[in-house]
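Student: Have a look at this one before I ask anything.
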Amino acid sequence: MCSGCAAPIIVRQALKSIRGPTVVVNATGCLEVATTIYPYTSWRVPWIHVAFENAAAVASGIEAAFKALTKRGCLKEKIDIIAFGGDGGTFDIGIQALSGALERGHDFVYICYDNEAYMNTGIQRSGSTPHGAATTTSPAGTVIPGKPEWKKDIVGIAAAHGIEFVATASPAYWSDYIAKVRRAIEVDGPAFIHVIQPCILGWRFNSNEAIKIARLAVQTRFFPIYHVEKGQYKLDIKIPKPLPVEEYLKPQGRFRHLFTPEFKGEIEKIQAWVDANWARICQLAGEKI
Ligand SMILES: Cc1ncc(C[n+]2csc(CCOP(=O)(O)OP(=O)(O)O)c2C)c(N)n1
């Protein structure tokens with residue numbers, strides 16, 4: 001991986017909570033490419049690489065096969081399945097497979113590590129890229145101020161399937177995250193976890209700052225930490241005194257242009273989005289803002 005990348009931290013933290021034999025399914029992306037260079041592997045669990053679009057479909061197939069083997073008495077143990085996908089593999093190209101798997105109720109955990117663009121192929125914008133971020137396909141200039149659209153509500157989409165457990169997490173709040181992965185594994189049916197993953201290359205910050213940025217995302221309320229259990233939203237990390245969103249944007253090169261006079265209004269728009277999103281989640285969770 002790039003030095004200082006948060007993705008391996010996110011995986012190591014997740015795998016601290018496994019309870020028994022576990023199969024990992026990994027969509028194409030930085031995590032897959034960088035951890036499995038032939039003839040080596042960084043994985044000490046059974047691991048399968050699948051295409052950009054079908055991690056959830058493959059996880060469904062594995063679960064169905066284990067079920068069939070158990071029924072025939074060929075398998076005694078419960079084997080857990082965790083799928084990892086990037087935001088491109090989850091918000092965009094993999095969403096159909098993910099929706100199908102959630103709707104059919106397959107028993108697996110899907111973890112989206114969200115670096116907010118297609119980083120493995122050269123920083124193209126995704127449905128998860130936040131408004132105002134410069135990427136190779138949403139370059140900031142005279143035409144647009146970075147990406148014009150806003151980030152997709154993947155948690156709302158996952159929760160709308162009526163599954164038992166959906167959550168957000170940040171590697172900076174590791175105990176919250178590890179507990180959530182364990183909860184997701186224990187759920188009898190599908191569970192979805194959305195983890196923010198600061199990216200040295202695409203977000204353009206110093207290689208020792210990934211966890212700091214992952215913490216700032218939470219402390220500015222840019223990335224709220226909450227979960228939805230049986231349809232009930234709950235705010236897990238309350239931020240009574242949020243930092244202004246500039247504190248999160250400033251260390252990142254992808255937002256550098258927003259600090260020029262030309263784009264000043266964009267930061268206000270982003271702050272308004274953050275405030276409205278926080279208010280929406282607080283309302284869903286029955287919290288005071
Ligand atoms: C059908 C298809 N289209 C395009 C690609 C090329 N491709 C491979 S990985 C990738 C981007 C992955 O982005 P993301 O899921 O966000 O993961 P990251 O690389 O950021 O970890 C793309 C476009 C592909 N493998 N398959």
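Just remember, in the structure tokens the first chain shown is A, the second B, etc., residues are 1-based per chain, and ligands are 1-based in the order shown.
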Give me the residues within 9 Å of A:Ala133 as a list in words, counting only C-alpha atoms and dropping any in the same chain fewer than 4 places off.
Tutor: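 What passes the distance filter is Arg125, Thr129, Ser138, Pro139, Ala140, Pro145, Gly146, Lys147, Pro148, Trp203, Gly253, Arg254, Phe255, Arg256 and Leu258 of chain A.
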Student: Taking only residues of stretch 141-228 of chain A that have an atom at most 9 Å from an atom of stretch 83-95 of chain A, what is each one's shortest atom pair and its distance in Å to one decimal, using only C-alpha atoms, in chain and number order, as a tab-separated table?
Tutor:
residue	atom	partner	partner_atom	distance
A:Lys152	CA	A:Phe91	CA	7.5
A:Asp153	CA	A:Phe91	CA	8.9
A:Ile154	CA	A:Phe91	CA	6.6
Student: Those residues with N, CA and C atoms, as a PDB file, in the first residue's frame please?
Tutor:
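Final output, saved to again_18.pdb:
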ATOM      1  N   LYS A 152     -23.092  10.404  -1.831  1.00  0.00           N
ATOM      2  CA  LYS A 152     -24.291   9.542  -1.762  1.00  0.00           C
ATOM      3  C   LYS A 152     -24.485   8.986  -0.345  1.00  0.00           C
ATOM      4  N   ASP A 153     -25.725   8.863   0.085  1.00  0.00           N
ATOM      5  CA  ASP A 153     -26.018   8.332   1.432  1.00  0.00           C
ATOM      6  C   ASP A 153     -26.085   6.807   1.381  1.00  0.00           C
ATOM      7  N   ILE A 154     -24.917   6.190   1.386  1.00  0.00           N
ATOM      8  CA  ILE A 154     -24.863   4.723   1.247  1.00  0.00           C
ATOM      9  C   ILE A 154     -25.456   4.020   2.475  1.00  0.00           C
TER      10      ILE A 154
END
Student: Just list the residues in stretch 138-230 of chain A DSSP gives alpha helix (DSSP H) on the backbone, as an NGL selection string.
Tutor: :A and (154-159 or 174-186 or 210-219)
Student: Check every protein, DNA and RNA residue against ligand 1, keep those with an atom at most 10 Å away (counting only C-alpha atoms and all ligand atoms), and present them as an mmCIF file with N, CA and C atoms, in the first residue's frame.
Tutor:
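Saved result, pocket-v2.cif, follows:
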data_model
loop_
_atom_site.group_PDB
_atom_site.id
_atom_site.type_symbol
_atom_site.label_atom_id
_atom_site.label_comp_id
_atom_site.auth_asym_id
_atom_site.auth_seq_id
_atom_site.Cartn_x
_atom_site.Cartn_y
_atom_site.Cartn_z
ATOM 1 N N MET A 1 0.867 -1.179 0.000
ATOM 2 C CA MET A 1 0.000 0.000 0.000
ATOM 3 C C MET A 1 0.914 1.242 0.000
ATOM 4 N N ALA A 7 -6.066 1.983 4.733
ATOM 5 C CA ALA A 7 -6.802 0.758 4.396
ATOM 6 C C ALA A 7 -6.312 -0.474 5.163
ATOM 7 N N ALA A 27 -13.141 -7.163 -3.410
ATOM 8 C CA ALA A 27 -13.337 -6.596 -4.750
ATOM 9 C C ALA A 27 -12.029 -5.990 -5.238
ATOM 10 N N THR A 28 -11.887 -5.860 -6.533
ATOM 11 C CA THR A 28 -10.734 -5.168 -7.103
ATOM 12 C C THR A 28 -10.646 -3.760 -6.514
ATOM 13 N N GLY A 29 -9.437 -3.325 -6.270
ATOM 14 C CA GLY A 29 -9.236 -1.995 -5.686
ATOM 15 C C GLY A 29 -7.856 -1.962 -5.057
ATOM 16 N N CYS A 30 -7.503 -0.846 -4.445
ATOM 17 C CA CYS A 30 -6.175 -0.700 -3.838
ATOM 18 C C CYS A 30 -5.865 -1.867 -2.906
ATOM 19 N N LEU A 31 -6.828 -2.197 -2.045
ATOM 20 C CA LEU A 31 -6.602 -3.203 -1.005
ATOM 21 C C LEU A 31 -6.239 -4.541 -1.628
ATOM 22 N N GLU A 32 -6.962 -4.908 -2.645
ATOM 23 C CA GLU A 32 -6.713 -6.205 -3.305
ATOM 24 C C GLU A 32 -5.390 -6.178 -4.056
ATOM 25 N N VAL A 33 -5.173 -5.119 -4.819
ATOM 26 C CA VAL A 33 -3.976 -5.047 -5.670
ATOM 27 C C VAL A 33 -2.708 -5.083 -4.807
ATOM 28 N N ALA A 34 -2.721 -4.325 -3.723
ATOM 29 C CA ALA A 34 -1.489 -4.134 -2.966
ATOM 30 C C ALA A 34 -1.197 -5.245 -1.964
ATOM 31 N N VAL A 50 -12.343 -10.946 -6.272
ATOM 32 C CA VAL A 50 -13.405 -10.949 -7.269
ATOM 33 C C VAL A 50 -13.409 -9.614 -8.005
ATOM 34 N N ALA A 51 -14.288 -9.486 -8.961
ATOM 35 C CA ALA A 51 -14.275 -8.297 -9.821
ATOM 36 C C ALA A 51 -14.744 -7.056 -9.053
ATOM 37 N N PHE A 52 -14.531 -5.935 -9.654
ATOM 38 C CA PHE A 52 -14.902 -4.625 -9.132
ATOM 39 C C PHE A 52 -16.388 -4.604 -8.723
ATOM 40 N N GLU A 53 -17.218 -5.319 -9.467
ATOM 41 C CA GLU A 53 -18.673 -5.162 -9.324
ATOM 42 C C GLU A 53 -19.385 -6.229 -8.502
ATOM 43 N N ASN A 54 -18.714 -7.342 -8.145
ATOM 44 C CA ASN A 54 -19.531 -8.453 -7.647
ATOM 45 C C ASN A 54 -19.120 -9.048 -6.308
ATOM 46 N N PHE A 84 -14.841 -7.040 1.538
ATOM 47 C CA PHE A 84 -14.308 -5.675 1.533
ATOM 48 C C PHE A 84 -14.421 -5.106 0.120
ATOM 49 N N GLY A 85 -14.939 -3.897 0.035
ATOM 50 C CA GLY A 85 -14.977 -3.207 -1.257
ATOM 51 C C GLY A 85 -14.638 -1.745 -1.048
ATOM 52 N N GLY A 86 -14.047 -1.121 -2.051
ATOM 53 C CA GLY A 86 -13.816 0.321 -2.007
ATOM 54 C C GLY A 86 -15.120 1.060 -2.276
ATOM 55 N N ASP A 87 -15.049 2.374 -2.282
ATOM 56 C CA ASP A 87 -16.288 3.127 -2.539
ATOM 57 C C ASP A 87 -16.745 2.935 -3.987
ATOM 58 N N GLY A 88 -15.814 2.840 -4.918
ATOM 59 C CA GLY A 88 -16.205 2.585 -6.312
ATOM 60 C C GLY A 88 -16.908 1.243 -6.430
ATOM 61 N N GLY A 89 -16.332 0.237 -5.772
ATOM 62 C CA GLY A 89 -16.890 -1.107 -5.797
ATOM 63 C C GLY A 89 -18.171 -1.242 -4.997
ATOM 64 N N THR A 90 -18.526 -0.215 -4.234
ATOM 65 C CA THR A 90 -19.694 -0.298 -3.366
ATOM 66 C C THR A 90 -20.771 0.712 -3.782
ATOM 67 N N PHE A 91 -20.426 1.996 -3.775
ATOM 68 C CA PHE A 91 -21.409 3.049 -4.072
ATOM 69 C C PHE A 91 -21.853 3.002 -5.537
ATOM 70 N N ASP A 92 -20.928 2.597 -6.431
ATOM 71 C CA ASP A 92 -21.197 2.716 -7.862
ATOM 72 C C ASP A 92 -21.404 1.339 -8.497
ATOM 73 N N ILE A 93 -20.302 0.727 -8.883
ATOM 74 C CA ILE A 93 -20.421 -0.459 -9.739
ATOM 75 C C ILE A 93 -20.916 -1.694 -8.995
ATOM 76 N N GLY A 94 -20.668 -1.772 -7.672
ATOM 77 C CA GLY A 94 -21.085 -2.972 -6.937
ATOM 78 C C GLY A 94 -22.443 -2.851 -6.277
ATOM 79 N N CYS A 112 -17.278 -1.428 3.552
ATOM 80 C CA CYS A 112 -16.836 -0.515 2.493
ATOM 81 C C CYS A 112 -15.753 0.381 3.075
ATOM 82 N N TYR A 113 -14.523 0.265 2.550
ATOM 83 C CA TYR A 113 -13.463 1.216 2.947
ATOM 84 C C TYR A 113 -13.538 2.364 1.941
ATOM 85 N N ASP A 114 -13.846 3.518 2.460
ATOM 86 C CA ASP A 114 -14.247 4.638 1.597
ATOM 87 C C ASP A 114 -13.138 5.683 1.493
ATOM 88 N N ASN A 115 -12.347 5.598 0.395
ATOM 89 C CA ASN A 115 -11.336 6.634 0.164
ATOM 90 C C ASN A 115 -11.830 7.686 -0.829
ATOM 91 N N GLU A 116 -13.110 7.627 -1.116
ATOM 92 C CA GLU A 116 -13.831 8.696 -1.806
ATOM 93 C C GLU A 116 -13.376 8.965 -3.244
ATOM 94 N N ALA A 117 -12.831 7.951 -3.898
ATOM 95 C CA ALA A 117 -12.551 8.020 -5.346
ATOM 96 C C ALA A 117 -12.014 6.670 -5.797
ATOM 97 N N TYR A 118 -11.793 6.514 -7.105
ATOM 98 C CA TYR A 118 -11.201 5.280 -7.642
ATOM 99 C C TYR A 118 -9.693 5.473 -7.567
ATOM 100 N N MET A 119 -9.126 5.140 -6.423
ATOM 101 C CA MET A 119 -7.728 5.479 -6.188
ATOM 102 C C MET A 119 -6.778 4.563 -6.939
ATOM 103 N N ASN A 120 -7.143 3.292 -7.031
ATOM 104 C CA ASN A 120 -6.274 2.293 -7.652
ATOM 105 C C ASN A 120 -6.037 2.567 -9.135
ATOM 106 N N THR A 121 -6.960 3.261 -9.765
ATOM 107 C CA THR A 121 -6.829 3.484 -11.208
ATOM 108 C C THR A 121 -6.528 4.955 -11.542
ATOM 109 N N GLY A 122 -6.206 5.771 -10.545
ATOM 110 C CA GLY A 122 -5.746 7.122 -10.857
ATOM 111 C C GLY A 122 -6.654 8.256 -10.424
ATOM 112 N N ILE A 123 -7.394 8.055 -9.324
ATOM 113 C CA ILE A 123 -8.146 9.144 -8.665
ATOM 114 C C ILE A 123 -9.290 9.699 -9.519
ATOM 115 N N GLN A 124 -10.161 8.807 -10.005
ATOM 116 C CA GLN A 124 -11.377 9.294 -10.672
ATOM 117 C C GLN A 124 -12.487 9.459 -9.628
ATOM 118 N N ARG A 125 -13.350 10.435 -9.829
ATOM 119 C CA ARG A 125 -14.437 10.673 -8.858
ATOM 120 C C ARG A 125 -15.386 9.471 -8.788
ATOM 121 N N SER A 126 -15.981 9.267 -7.608
ATOM 122 C CA SER A 126 -16.984 8.209 -7.452
ATOM 123 C C SER A 126 -18.242 8.837 -6.869
ATOM 124 N N GLY A 127 -19.270 8.018 -6.675
ATOM 125 C CA GLY A 127 -20.514 8.493 -6.053
ATOM 126 C C GLY A 127 -20.294 8.891 -4.605
ATOM 127 N N SER A 128 -19.144 8.551 -4.090
ATOM 128 C CA SER A 128 -18.825 8.871 -2.701
ATOM 129 C C SER A 128 -17.937 10.111 -2.569
ATOM 130 N N THR A 129 -17.339 10.546 -3.665
ATOM 131 C CA THR A 129 -16.459 11.728 -3.588
ATOM 132 C C THR A 129 -17.257 12.926 -3.082
ATOM 133 N N GLN A 197 -11.790 6.159 4.946
ATOM 134 C CA GLN A 197 -10.384 5.763 4.752
ATOM 135 C C GLN A 197 -9.586 6.874 4.073
ATOM 136 N N CYS A 199 -6.882 8.859 2.210
ATOM 137 C CA CYS A 199 -5.985 8.357 1.161
ATOM 138 C C CYS A 199 -4.876 9.377 0.903
ATOM 139 N N GLY A 202 -4.703 10.434 -3.077
ATOM 140 C CA GLY A 202 -5.798 11.177 -3.694
ATOM 141 C C GLY A 202 -6.256 12.386 -2.883
#
Student: Please indicate the distance in Å from atom CA of A:Pro242 to atom CA of A:Ala217, rounded to one decimal place.
Tutor: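 Computing the Euclidean distance for atom CA of A:Pro242 and atom CA of A:Ala217 yields 10.2 Å.
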Student: Extract the full set of strand (DSSP E) residues from stretch 14-232 of chain A according to DSSP on the backbone, and format it as a PyMOL selection string.
Tutor: chain A and resi 22-27+47-50+80-86+109-114+165-169+191-196+226-229+232
